[in-house]
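Asks: Structure file input_14.tsv (TSV, N, CA and C atoms) is given on the next line.
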chain	number	residue	atom	x	y	z
A	549	GLN	N	0.84	-1.18	0.00
A	549	GLN	CA	0.00	0.00	0.00
A	549	GLN	C	0.88	1.24	0.00
A	550	VAL	N	0.38	2.30	-0.60
A	550	VAL	CA	1.14	3.53	-0.67
A	550	VAL	C	0.20	4.69	-0.37
A	551	GLN	N	0.71	5.68	0.32
A	551	GLN	CA	-0.04	6.90	0.59
A	551	GLN	C	0.59	8.04	-0.20
A	552	LEU	N	-0.26	8.88	-0.77
A	552	LEU	CA	0.18	9.93	-1.68
A	552	LEU	C	-0.25	11.29	-1.16
A	553	VAL	N	0.65	12.25	-1.21
A	553	VAL	CA	0.34	13.61	-0.76
A	553	VAL	C	0.83	14.59	-1.83
A	554	GLU	N	-0.12	15.33	-2.41
A	554	GLU	CA	0.21	16.32	-3.42
A	554	GLU	C	0.52	17.67	-2.77
A	555	SER	N	1.32	18.46	-3.47
A	555	SER	CA	1.61	19.82	-3.05
A	555	SER	C	2.01	20.63	-4.28
A	556	GLY	N	2.07	21.94	-4.09
A	556	GLY	CA	2.54	22.81	-5.17
A	556	GLY	C	1.46	23.55	-5.90
A	557	GLY	N	0.21	23.30	-5.57
A	557	GLY	CA	-0.87	24.02	-6.23
A	557	GLY	C	-0.92	25.47	-5.77
A	558	GLY	N	-1.76	26.25	-6.45
A	558	GLY	CA	-1.91	27.65	-6.07
A	558	GLY	C	-2.57	28.45	-7.15
A	559	LEU	N	-2.47	29.76	-7.00
A	559	LEU	CA	-3.05	30.70	-7.95
A	559	LEU	C	-1.94	31.25	-8.85
A	560	VAL	N	-2.17	31.20	-10.15
A	560	VAL	CA	-1.16	31.66	-11.10
A	560	VAL	C	-1.87	32.35	-12.26
A	561	GLN	N	-1.20	33.32	-12.85
A	561	GLN	CA	-1.78	34.00	-14.00
A	561	GLN	C	-1.62	33.15	-15.26
A	562	ALA	N	-2.52	33.34	-16.19
A	562	ALA	CA	-2.42	32.65	-17.47
A	562	ALA	C	-1.06	32.90	-18.10
A	563	GLY	N	-0.48	31.84	-18.64
A	563	GLY	CA	0.85	31.92	-19.21
A	563	GLY	C	1.95	31.57	-18.23
A	564	GLY	N	1.60	31.47	-16.97
A	564	GLY	CA	2.58	31.16	-15.93
A	564	GLY	C	2.84	29.67	-15.80
A	565	SER	N	3.62	29.33	-14.78
A	565	SER	CA	4.03	27.94	-14.55
A	565	SER	C	3.84	27.55	-13.09
A	566	LEU	N	3.64	26.28	-12.90
A	566	LEU	CA	3.61	25.68	-11.56
A	566	LEU	C	4.23	24.30	-11.66
A	567	ARG	N	4.80	23.83	-10.55
A	567	ARG	CA	5.26	22.46	-10.49
A	567	ARG	C	4.57	21.77	-9.32
A	568	LEU	N	3.81	20.75	-9.63
A	568	LEU	CA	3.17	19.94	-8.61
A	568	LEU	C	4.08	18.79	-8.22
A	569	SER	N	4.02	18.45	-6.94
A	569	SER	CA	4.76	17.31	-6.42
A	569	SER	C	3.79	16.34	-5.78
A	570	CYS	N	4.15	15.08	-5.83
A	570	CYS	CA	3.35	14.04	-5.17
A	570	CYS	C	4.33	13.13	-4.45
A	571	ALA	N	4.32	13.22	-3.13
A	571	ALA	CA	5.21	12.41	-2.31
A	571	ALA	C	4.51	11.13	-1.89
A	572	ALA	N	5.20	10.02	-2.04
A	572	ALA	CA	4.64	8.72	-1.72
A	572	ALA	C	5.33	8.11	-0.51
A	573	SER	N	4.55	7.45	0.32
A	573	SER	CA	5.11	6.73	1.46
A	573	SER	C	5.53	5.34	1.01
A	574	GLY	N	6.28	4.66	1.83
A	574	GLY	CA	6.63	3.29	1.54
A	574	GLY	C	7.92	3.15	0.76
A	575	ARG	N	8.41	1.91	0.69
A	575	ARG	CA	9.70	1.65	0.08
A	575	ARG	C	9.58	1.05	-1.31
A	576	THR	N	8.36	0.94	-1.84
A	576	THR	CA	8.17	0.29	-3.13
A	576	THR	C	7.65	1.24	-4.19
A	577	PHE	N	8.00	2.50	-4.05
A	577	PHE	CA	7.50	3.51	-4.98
A	577	PHE	C	7.83	3.15	-6.41
A	578	SER	N	9.00	2.58	-6.64
A	578	SER	CA	9.43	2.26	-8.00
A	578	SER	C	8.60	1.13	-8.61
A	579	SER	N	7.76	0.49	-7.82
A	579	SER	CA	6.90	-0.58	-8.32
A	579	SER	C	5.58	-0.07	-8.88
A	580	TYR	N	5.39	1.23	-8.86
A	580	TYR	CA	4.11	1.80	-9.28
A	580	TYR	C	4.27	2.67	-10.52
A	581	GLY	N	3.39	2.43	-11.47
A	581	GLY	CA	3.20	3.44	-12.50
A	581	GLY	C	2.41	4.59	-11.87
A	582	MET	N	2.71	5.80	-12.28
A	582	MET	CA	2.10	6.97	-11.65
A	582	MET	C	1.35	7.80	-12.67
A	583	GLY	N	0.29	8.43	-12.20
A	583	GLY	CA	-0.50	9.28	-13.08
A	583	GLY	C	-0.96	10.54	-12.38
A	584	TRP	N	-1.27	11.53	-13.19
A	584	TRP	CA	-1.90	12.76	-12.73
A	584	TRP	C	-3.26	12.88	-13.41
A	585	PHE	N	-4.25	13.24	-12.63
A	585	PHE	CA	-5.59	13.48	-13.12
A	585	PHE	C	-6.05	14.84	-12.58
A	586	ARG	N	-7.12	15.35	-13.16
A	586	ARG	CA	-7.65	16.62	-12.65
A	586	ARG	C	-9.17	16.63	-12.76
A	587	GLN	N	-9.77	17.45	-11.92
A	587	GLN	CA	-11.23	17.58	-11.94
A	587	GLN	C	-11.59	19.04	-11.77
A	588	ALA	N	-12.22	19.59	-12.78
A	588	ALA	CA	-12.69	20.96	-12.74
A	588	ALA	C	-14.11	21.00	-12.16
A	589	PRO	N	-14.53	22.13	-11.63
A	589	PRO	CA	-15.89	22.22	-11.06
A	589	PRO	C	-16.95	21.83	-12.07
A	590	GLY	N	-17.83	20.93	-11.65
A	590	GLY	CA	-18.93	20.52	-12.51
A	590	GLY	C	-18.56	19.56	-13.62
A	591	LYS	N	-17.30	19.10	-13.62
A	591	LYS	CA	-16.86	18.19	-14.67
A	591	LYS	C	-16.34	16.89	-14.07
A	592	GLU	N	-16.25	15.87	-14.92
A	592	GLU	CA	-15.71	14.60	-14.46
A	592	GLU	C	-14.18	14.67	-14.36
A	593	ARG	N	-13.65	13.81	-13.52
A	593	ARG	CA	-12.21	13.71	-13.40
A	593	ARG	C	-11.63	13.20	-14.73
A	594	GLU	N	-10.51	13.78	-15.14
A	594	GLU	CA	-9.94	13.40	-16.42
A	594	GLU	C	-8.44	13.15	-16.29
A	595	PHE	N	-7.96	12.33	-17.19
A	595	PHE	CA	-6.54	12.00	-17.25
A	595	PHE	C	-5.74	13.20	-17.72
A	596	VAL	N	-4.54	13.37	-17.13
A	596	VAL	CA	-3.64	14.44	-17.54
A	596	VAL	C	-2.32	13.87	-18.07
A	597	ALA	N	-1.66	13.04	-17.27
A	597	ALA	CA	-0.35	12.52	-17.68
A	597	ALA	C	-0.06	11.25	-16.89
A	598	ALA	N	0.81	10.41	-17.45
A	598	ALA	CA	1.21	9.18	-16.78
A	598	ALA	C	2.68	8.89	-17.07
A	599	ILE	N	3.30	8.16	-16.15
A	599	ILE	CA	4.70	7.78	-16.31
A	599	ILE	C	4.84	6.33	-15.85
A	600	SER	N	5.65	5.57	-16.58
A	600	SER	CA	5.83	4.17	-16.26
A	600	SER	C	6.71	3.98	-15.03
A	601	ARG	N	6.78	2.75	-14.58
A	601	ARG	CA	7.61	2.43	-13.41
A	601	ARG	C	9.06	2.86	-13.61
A	602	SER	N	9.56	2.61	-14.80
A	602	SER	CA	10.96	2.93	-15.07
A	602	SER	C	11.20	4.41	-15.33
A	603	GLY	N	10.11	5.10	-15.62
A	603	GLY	CA	10.24	6.50	-16.01
A	603	GLY	C	10.54	6.68	-17.48
A	604	GLY	N	10.70	5.57	-18.19
A	604	GLY	CA	11.08	5.64	-19.58
A	604	GLY	C	9.95	5.91	-20.55
A	605	ILE	N	8.73	5.74	-20.08
A	605	ILE	CA	7.56	5.97	-20.93
A	605	ILE	C	6.66	7.00	-20.26
A	606	THR	N	6.27	7.99	-21.01
A	606	THR	CA	5.32	8.99	-20.54
A	606	THR	C	4.22	9.15	-21.57
A	607	TYR	N	3.09	9.66	-21.10
A	607	TYR	CA	1.95	9.85	-21.99
A	607	TYR	C	1.13	11.02	-21.47
A	608	TYR	N	0.58	11.81	-22.40
A	608	TYR	CA	-0.13	13.02	-22.02
A	608	TYR	C	-1.47	13.12	-22.71
A	609	ALA	N	-2.39	13.76	-22.04
A	609	ALA	CA	-3.64	14.13	-22.69
A	609	ALA	C	-3.33	15.17	-23.76
A	610	ASN	N	-4.10	15.15	-24.83
A	610	ASN	CA	-3.86	16.10	-25.92
A	610	ASN	C	-3.93	17.55	-25.44
A	611	SER	N	-4.79	17.79	-24.47
A	611	SER	CA	-5.00	19.16	-24.00
A	611	SER	C	-3.79	19.76	-23.30
A	612	VAL	N	-2.85	18.91	-22.84
A	612	VAL	CA	-1.69	19.41	-22.11
A	612	VAL	C	-0.37	19.09	-22.81
A	613	LYS	N	-0.44	18.33	-23.87
A	613	LYS	CA	0.78	17.91	-24.57
A	613	LYS	C	1.57	19.13	-25.04
A	614	GLY	N	2.86	19.11	-24.77
A	614	GLY	CA	3.72	20.22	-25.14
A	614	GLY	C	3.81	21.31	-24.09
A	615	ARG	N	2.91	21.27	-23.11
A	615	ARG	CA	2.91	22.28	-22.04
A	615	ARG	C	3.26	21.68	-20.68
A	616	PHE	N	2.82	20.44	-20.44
A	616	PHE	CA	3.05	19.78	-19.17
A	616	PHE	C	4.10	18.69	-19.34
A	617	SER	N	4.81	18.40	-18.24
A	617	SER	CA	5.82	17.35	-18.26
A	617	SER	C	5.78	16.58	-16.95
A	618	ILE	N	5.67	15.26	-17.06
A	618	ILE	CA	5.66	14.41	-15.88
A	618	ILE	C	7.04	13.77	-15.71
A	619	SER	N	7.47	13.66	-14.46
A	619	SER	CA	8.76	13.02	-14.18
A	619	SER	C	8.67	12.39	-12.80
A	620	ARG	N	9.66	11.56	-12.50
A	620	ARG	CA	9.68	10.90	-11.20
A	620	ARG	C	11.10	10.83	-10.69
A	621	ASP	N	11.23	10.87	-9.37
A	621	ASP	CA	12.51	10.71	-8.69
A	621	ASP	C	12.31	9.62	-7.64
A	622	ASP	N	12.71	8.40	-7.99
A	622	ASP	CA	12.46	7.28	-7.09
A	622	ASP	C	13.27	7.39	-5.80
A	623	ALA	N	14.39	8.07	-5.84
A	623	ALA	CA	15.18	8.26	-4.61
A	623	ALA	C	14.44	9.11	-3.60
A	624	LYS	N	13.55	9.97	-4.11
A	624	LYS	CA	12.76	10.84	-3.23
A	624	LYS	C	11.31	10.39	-3.12
A	625	ASN	N	10.99	9.26	-3.75
A	625	ASN	CA	9.60	8.75	-3.73
A	625	ASN	C	8.62	9.84	-4.17
A	626	THR	N	8.96	10.54	-5.23
A	626	THR	CA	8.16	11.68	-5.64
A	626	THR	C	7.95	11.67	-7.16
A	627	VAL	N	6.75	12.04	-7.54
A	627	VAL	CA	6.45	12.27	-8.95
A	627	VAL	C	6.06	13.73	-9.11
A	628	TYR	N	6.46	14.31	-10.23
A	628	TYR	CA	6.25	15.74	-10.46
A	628	TYR	C	5.39	15.96	-11.70
A	629	LEU	N	4.73	17.11	-11.71
A	629	LEU	CA	4.04	17.56	-12.91
A	629	LEU	C	4.42	19.02	-13.12
A	630	GLN	N	5.28	19.25	-14.09
A	630	GLN	CA	5.66	20.61	-14.45
A	630	GLN	C	4.64	21.15	-15.44
A	631	MET	N	4.03	22.26	-15.08
A	631	MET	CA	2.96	22.83	-15.91
A	631	MET	C	3.40	24.22	-16.39
A	632	ASN	N	3.54	24.36	-17.67
A	632	ASN	CA	3.93	25.63	-18.28
A	632	ASN	C	2.82	26.15	-19.17
A	633	SER	N	2.90	27.43	-19.50
A	633	SER	CA	1.93	28.07	-20.40
A	633	SER	C	0.50	27.77	-19.95
A	634	LEU	N	0.27	27.96	-18.68
A	634	LEU	CA	-1.03	27.60	-18.11
A	634	LEU	C	-2.16	28.44	-18.69
A	635	LYS	N	-3.30	27.80	-18.84
A	635	LYS	CA	-4.50	28.43	-19.38
A	635	LYS	C	-5.60	28.39	-18.32
A	636	ARG	N	-6.61	29.23	-18.48
A	636	ARG	CA	-7.71	29.24	-17.53
A	636	ARG	C	-8.37	27.87	-17.46
A	637	GLU	N	-8.43	27.18	-18.59
A	637	GLU	CA	-9.09	25.88	-18.60
A	637	GLU	C	-8.29	24.79	-17.88
A	638	ASP	N	-7.09	25.12	-17.43
A	638	ASP	CA	-6.32	24.18	-16.61
A	638	ASP	C	-6.74	24.25	-15.14
A	639	THR	N	-7.58	25.18	-14.79
A	639	THR	CA	-8.05	25.31	-13.42
A	639	THR	C	-8.80	24.05	-13.00
A	640	ALA	N	-8.35	23.44	-11.91
A	640	ALA	CA	-8.93	22.18	-11.44
A	640	ALA	C	-8.24	21.76	-10.16
A	641	VAL	N	-8.79	20.75	-9.53
A	641	VAL	CA	-8.07	20.04	-8.48
A	641	VAL	C	-7.28	18.93	-9.15
A	642	TYR	N	-5.99	18.88	-8.85
A	642	TYR	CA	-5.10	17.90	-9.47
A	642	TYR	C	-4.80	16.79	-8.47
A	643	TYR	N	-4.92	15.57	-8.95
A	643	TYR	CA	-4.71	14.38	-8.14
A	643	TYR	C	-3.59	13.54	-8.72
A	644	CYS	N	-2.75	13.00	-7.87
A	644	CYS	CA	-1.82	11.98	-8.34
A	644	CYS	C	-2.37	10.62	-7.91
A	645	ALA	N	-1.96	9.59	-8.64
A	645	ALA	CA	-2.47	8.26	-8.40
A	645	ALA	C	-1.39	7.23	-8.73
A	646	ALA	N	-1.49	6.07	-8.07
A	646	ALA	CA	-0.50	5.00	-8.24
A	646	ALA	C	-1.17	3.74	-8.74
A	647	ASN	N	-0.54	3.15	-9.75
A	647	ASN	CA	-1.03	1.91	-10.37
A	647	ASN	C	-0.05	0.79	-10.07
A	648	PRO	N	-0.47	-0.24	-9.32
A	648	PRO	CA	0.47	-1.29	-8.94
A	648	PRO	C	0.67	-2.37	-10.01
A	649	ARG	N	-0.11	-2.35	-11.07
A	649	ARG	CA	-0.04	-3.40	-12.08
A	649	ARG	C	1.11	-3.15	-13.05
A	650	PRO	N	1.88	-4.18	-13.35
A	650	PRO	CA	3.06	-3.98	-14.22
A	650	PRO	C	2.71	-3.74	-15.68
A	651	LEU	N	1.55	-4.24	-16.10
A	651	LEU	CA	1.17	-4.08	-17.50
A	651	LEU	C	-0.27	-3.60	-17.62
A	652	PRO	N	-0.53	-2.77	-18.55
A	652	PRO	CA	0.43	-2.10	-19.42
A	652	PRO	C	1.26	-1.09	-18.64
A	653	PRO	N	2.40	-0.69	-19.15
A	653	PRO	CA	3.27	0.23	-18.41
A	653	PRO	C	2.68	1.61	-18.23
A	654	ILE	N	1.74	1.96	-19.10
A	654	ILE	CA	1.07	3.25	-19.03
A	654	ILE	C	-0.42	3.01	-19.18
A	655	THR	N	-1.22	3.68	-18.36
A	655	THR	CA	-2.66	3.59	-18.53
A	655	THR	C	-3.30	4.94	-18.21
A	656	ILE	N	-4.35	5.25	-18.94
A	656	ILE	CA	-5.10	6.48	-18.68
A	656	ILE	C	-6.40	6.18	-17.95
A	657	THR	N	-6.64	4.92	-17.65
A	657	THR	CA	-7.89	4.48	-17.05
A	657	THR	C	-7.84	4.63	-15.54
A	658	MET	N	-8.76	5.41	-14.99
A	658	MET	CA	-8.75	5.67	-13.55
A	658	MET	C	-8.89	4.39	-12.73
A	659	ASP	N	-9.66	3.44	-13.22
A	659	ASP	CA	-9.90	2.21	-12.46
A	659	ASP	C	-8.62	1.40	-12.23
A	660	ARG	N	-7.59	1.67	-13.01
A	660	ARG	CA	-6.33	0.93	-12.88
A	660	ARG	C	-5.46	1.50	-11.76
A	661	TYR	N	-5.83	2.64	-11.27
A	661	TYR	CA	-5.06	3.29	-10.21
A	661	TYR	C	-5.73	3.00	-8.86
A	662	ASP	N	-5.01	2.30	-8.01
A	662	ASP	CA	-5.58	1.86	-6.74
A	662	ASP	C	-5.44	2.89	-5.63
A	663	TYR	N	-4.47	3.78	-5.75
A	663	TYR	CA	-4.18	4.71	-4.66
A	663	TYR	C	-4.21	6.13	-5.19
A	664	TRP	N	-4.82	7.02	-4.39
A	664	TRP	CA	-5.02	8.40	-4.79
A	664	TRP	C	-4.62	9.35	-3.67
A	665	GLY	N	-4.11	10.51	-4.07
A	665	GLY	CA	-3.88	11.57	-3.11
A	665	GLY	C	-5.15	12.37	-2.85
A	666	GLN	N	-5.04	13.37	-2.00
A	666	GLN	CA	-6.21	14.16	-1.62
A	666	GLN	C	-6.46	15.31	-2.60
A	667	GLY	N	-5.50	15.59	-3.43
A	667	GLY	CA	-5.67	16.63	-4.44
A	667	GLY	C	-5.07	17.96	-4.02
A	668	THR	N	-4.70	18.75	-5.02
A	668	THR	CA	-4.20	20.10	-4.78
A	668	THR	C	-4.84	21.03	-5.81
A	669	GLN	N	-5.30	22.19	-5.35
A	669	GLN	CA	-6.03	23.11	-6.20
A	669	GLN	C	-5.07	23.94	-7.05
A	670	VAL	N	-5.36	24.01	-8.33
A	670	VAL	CA	-4.66	24.89	-9.26
A	670	VAL	C	-5.68	25.84	-9.86
A	671	THR	N	-5.44	27.13	-9.69
A	671	THR	CA	-6.34	28.14	-10.23
A	671	THR	C	-5.55	29.06	-11.15
A	672	VAL	N	-5.99	29.16	-12.38
A	672	VAL	CA	-5.33	30.01	-13.37
A	672	VAL	C	-6.23	31.19	-13.67
A	673	SER	N	-5.72	32.38	-13.42
A	673	SER	CA	-6.51	33.59	-13.65
A	673	SER	C	-6.08	34.25	-14.96
A	674	SER	N	-7.02	35.01	-15.51
A	674	SER	CA	-6.72	35.68	-16.79
A	674	SER	C	-6.08	37.04	-16.55
Give the structure from this file in structure tokens form.
Replies:
Amino acid sequence: QVQLVESGGGLVQAGGSLRLSCAASGRTFSSYGMGWFRQAPGKEREFVAAISRSGGITYYANSVKGRFSISRDDAKNTVYLQMNSLKREDTAVYYCAANPRPLPPITITMDRYDYWGQGTQVTVSS
């Protein structure tokens, strides 16, 4: 089992940047594929980005491709989401999640992620 705690959210102007962090408990962090999801008010939770156990494979939603970057530091049990060129439509609560299944190495399906953080609010103003 792993516990996840997100941080780094806040208020930023459009065009700005933020880096979200997700710290994981436990000694088996490298055994999990990791993902970021977000949920805007009145909308369903949606996939944002994912990274494989090895860190060698990443995948992004079309809406964030080229602007966001996911990475992981297994020595620090942390996964990051670097968000650049932020837009108002990026405003949401951002969640990190852990997938314990080895295959496929990347998944955008929420049901495949067994562990979730509490979320961190990102607000982008115009």
Asks: Counting all atoms listed in the file, which residues of segment 626-646 of chain A sit at most 6.5 Å from some atom of segment 557-562 of chain A, and what is each one's closest atom pair with its distance in Å to one decimal, listed by chain and rising residue number, as JSON lines?
Replies:
{"residue": "A:Ser633", "atom": "C", "partner": "A:Ala562", "partner_atom": "C", "distance": 5.7}
{"residue": "A:Leu634", "atom": "C", "partner": "A:Ala562", "partner_atom": "CA", "distance": 4.4}
{"residue": "A:Lys635", "atom": "CA", "partner": "A:Ala562", "partner_atom": "CA", "distance": 5.1}
{"residue": "A:Arg636", "atom": "N", "partner": "A:Ala562", "partner_atom": "CA", "distance": 5.5}
Asks: Between atom CA of Arg620 of chain A and atom CA of Ser673 of chain A, what is the distance, to one decimal in Å?
Replies: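 Result for atom CA of Arg620 of chain A versus atom CA of Ser673 of chain A: 28.0 Å, one decimal.
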Asks: I need every residue sitting at most 12 Å from the point (-17.1, 21.8, -12.4) (coordinates as in the file, only C-alpha atoms considered), written as a list in words.
Replies: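 Within 12 Å of (-17.1, 21.8, -12.4), the protein and nucleic acid residues are Arg586, Gln587, Ala588, Pro589, Gly590, Lys591, Glu592, Arg593, Glu594, Glu637, Asp638, Thr639, Ala640 and Val641 of chain A.
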Asks: In Å, rounded to a single decimal, give me how far atom N of Met631 of chain A is from atom C of Val670 of chain A.
Replies: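 A separation of 11.6 Å between them.
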Asks: Of the candidates A:Gly564, A:Val596, A:Asn625, A:Lys613, which shows the shortest atom-to-atom distance to Thr576 of chain A, using only N, CA and C atoms?
Replies: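 Residue with the minimum atom-to-atom distance to Thr576 of chain A: A:Asn625.
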Asks: Given the point (7.8, -2.3, -13.3) in the coordinates of this file, which residues lie within 7 Å, counting only N, CA and C atoms, and how would they look as a list in words?
Replies: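 The residues near that point, listed by chain and number, are Ser578, Ser579, Tyr580, Gly581, Ser600, Arg601, Ser602, Arg649 and Pro650 of chain A.
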Asks: Just the residues within 8 Å of Phe595 of chain A, please, counting only N, CA and C atoms, with nothing from its chain fewer than 3 positions along; format it as number ranges by chain.
Replies: A: 583-587, 592, 598, 608-610, 655-658
Asks: Using 5 Å of padding on each side, determine the axis-aligned box around all atoms of segment 549-566 of chain A present in the file and give its centre and edge lengths in Å to one decimal, as lines of an AutoDock Vina configuration file.
Replies:
center_x = 0.6
center_y = 16.4
center_z = -9.3
size_x = 17.3
size_y = 45.2
size_z = 29.8
Asks: So that I can check the secondary structure, give me every residue of chain A assigned strand (DSSP E) by backbone DSSP, as a VMD selection string.
Replies: chain A and resid 552 to 555 558 to 561 566 to 572 581 to 587 594 to 599 606 to 608 616 to 621 626 to 631 640 to 647 663 to 664 668 to 673
Asks: How far is it from atom CA of Arg567 of chain A to atom CA of Tyr628 of chain A, in Å with one decimal?
Replies: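 If I compute the distance from atom CA of Arg567 of chain A to atom CA of Tyr628 of chain A, I get 6.8 Å.
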Asks: Would you please work out which residue, of A:Ala623, A:Ser611, A:Met582, A:Ile599, is nearest to Cys644 of chain A when using only N, CA and C atoms?
Replies: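 Closest candidate: A:Met582.
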Asks: Nearest to Gly665 of chain A: which of A:Cys570, A:Val627, A:Gly556, A:Gly604 is it, counting only N, CA and C atoms?
Replies: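 Closest residue, counting only N, CA and C atoms: A:Cys570.
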Asks: Measuring atom to atom with only N, CA and C atoms, identify which of A:Gln669, A:Ser617, A:Thr606, A:Gln630 is nearest to Pro653 of chain A.
Replies: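 Nearest candidate to Pro653 of chain A out of A:Gln669, A:Ser617, A:Thr606, A:Gln630: A:Thr606.
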Asks: So that I can see what lies close to Asn632 of chain A, please list as a PDB file with N, CA and C atoms, in the frame of the given file the residues with an atom at most 5 Å from it, counting all atoms listed in the file and leaving out residues fewer than 5 positions away in the same chain.
Replies:
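Full text of out.pdb as output:
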ATOM      1  N   GLY A 564       1.600  31.470 -16.970  1.00  0.00           N
ATOM      2  CA  GLY A 564       2.580  31.160 -15.930  1.00  0.00           C
ATOM      3  C   GLY A 564       2.840  29.670 -15.800  1.00  0.00           C
ATOM      4  N   SER A 565       3.620  29.330 -14.780  1.00  0.00           N
ATOM      5  CA  SER A 565       4.030  27.940 -14.550  1.00  0.00           C
ATOM      6  C   SER A 565       3.840  27.550 -13.090  1.00  0.00           C
ATOM      7  N   ARG A 615       2.910  21.270 -23.110  1.00  0.00           N
ATOM      8  CA  ARG A 615       2.910  22.280 -22.040  1.00  0.00           C
ATOM      9  C   ARG A 615       3.260  21.680 -20.680  1.00  0.00           C
ATOM     10  N   PHE A 616       2.820  20.440 -20.440  1.00  0.00           N
ATOM     11  CA  PHE A 616       3.050  19.780 -19.170  1.00  0.00           C
ATOM     12  C   PHE A 616       4.100  18.690 -19.340  1.00  0.00           C
TER      13      PHE A 616
END
